[in-house]
Amino acid sequence: MPGQAAAASRHATGMATLAPDLHVIAGDEDFFRHFGASSAELCGRSLFDLLHPSTPSVLREHFSRLHDGRRTRFTERVLGYRSRGRVFSGKLTGTAIQGKSDRLSAIVVMVKPDDERPEEDAAPAHQKLLSPLEARILEGVATGASTVQMAAKLYLSRQGVEYHVGSMLRKMKAPNRAALVSRAYAAGMLTVGTWPAQVRPEFIK
């Protein structure tokens, strides 16, 4: 079935080769499809240009360890940009490729988007889903803020923050925080092209 084939390709693992400086050298069709662009548009760009700013800062440390030989492989959750400002969540795996001199010659990355419902089903368009407090918490999650950081900023307990995050996970039918941010972007709830992102007022009760 054509629809099933399209869904399978969207969730297939895409692979690309990066130079040691993390610029894209080459990739397969699925990798470029996940990021909504052609090989000509993405080759030569830094991998971090393709990832949302809320991507965990530890990702740079993972790549640093590949570069200096402290590890050979890692897996980390990321948010990536598709076309028109849409965002997807998934897993990125990086593997070091050593040259003849045992120095890093390249890095192979594999990106697998989460197996989620279609983005258009993430939330009803322009439905007022969030309270003002939930909106502030969603904005915090989108910037990568921790529970402790959000609790201090919003004068809540950690349990209070987790309660509201859990409520939004259920509303958005998201399995985790990364998927929550992805679905919020897909539903148009978060502003695109600004940092930090803000919840659009029409989605706030």
# chains A, B, ... in the order shown; residues from 1 in each chain; ligands from 1
call {"tool": "residues_around", "arguments": {"residues": "segment 127-140 of chain A", "least_positions_apart": "3", "cutoff": "9 Å", "atoms": "only C-alpha atoms", "output": "ChimeraX atom specification"}}
result
/A:123-124,143-147,149-150,154,161,164-165,167-168,171,180-181,184,190,196-205
call {"tool": "select_by_dssp", "arguments": {"residues": "segment 44-202 of chain A", "states": "alpha helix (DSSP H)", "output": "VMD selection string"}}
result
chain A and resid 58 to 67 132 to 142 147 to 154 158 to 172 177 to 186
call {"tool": "residues_around", "arguments": {"residues": "Thr72 of chain A", "least_positions_apart": "5", "cutoff": "12 Å", "atoms": "only C-alpha atoms", "output": "count of residues only"}}
result
19
call {"tool": "closest_residue", "arguments": {"among": "A:Leu51, A:Ala12, A:Cys43, A:Ala178", "to": "Val24 of chain A", "atoms": "only C-alpha atoms"}}
result
A:Cys43
call {"tool": "residues_around", "arguments": {"residues": "segment 26-35 of chain A", "least_positions_apart": "6", "cutoff": "6 Å", "atoms": "only C-alpha atoms", "output": "PyMOL selection string"}}
result
chain A and resi 14-17+81-82
call {"tool": "atom_distance", "arguments": {"atom1": "atom CA of Leu50 of chain A", "atom2": "atom CA of Thr13 of chain A"}}
result
16.0 Å
call {"tool": "atom_distance", "arguments": {"atom1": "atom CA of Ala186 of chain A", "atom2": "atom CA of Phe88 of chain A"}}
result
8.1 Å
call {"tool": "closest_residue", "arguments": {"among": "A:Gln159, A:Ser105, A:Thr55, A:Ser46", "to": "Gly80 of chain A", "atoms": "only C-alpha atoms"}}
result
A:Thr55
call {"tool": "residues_around", "arguments": {"residues": "Leu92 of chain A", "least_positions_apart": "6", "cutoff": "9 Å", "atoms": "only C-alpha atoms", "output": "number ranges by chain"}}
result
A: 74-78, 109-113
call {"tool": "residues_around", "arguments": {"residues": "Arg177 of chain A", "least_positions_apart": "5", "cutoff": "9 Å", "atoms": "only C-alpha atoms", "output": "list in words"}}
result
Val141, Ala142, Val165, Leu169 and Ser182 of chain A
call {"tool": "write_last_selection", "arguments": {"atoms": "C-alpha atoms", "output": "JSON list (two decimals), in the first residue's frame"}}
result
[["chain", "number", "residue", "atom", "x", "y", "z"],
["A", 141, "VAL", "CA", 10.68, 21.88, 28.15],
["A", 142, "ALA", "CA", 11.24, 23.21, 24.61],
["A", 165, "VAL", "CA", 4.36, 17.80, 32.28],
["A", 169, "LEU", "CA", 2.01, 14.27, 27.76],
["A", 182, "SER", "CA", 7.89, 17.70, 18.50]]
call {"tool": "select_by_dssp", "arguments": {"residues": "chain A", "states": "strand (DSSP E)", "output": "number ranges by chain"}}
result
A: 14-18, 24-27, 73-81, 87-98, 104-113
call {"tool": "atom_distance", "arguments": {"atom1": "atom CA of Ala174 of chain A", "atom2": "atom CA of Leu42 of chain A"}}
result
28.9 Å
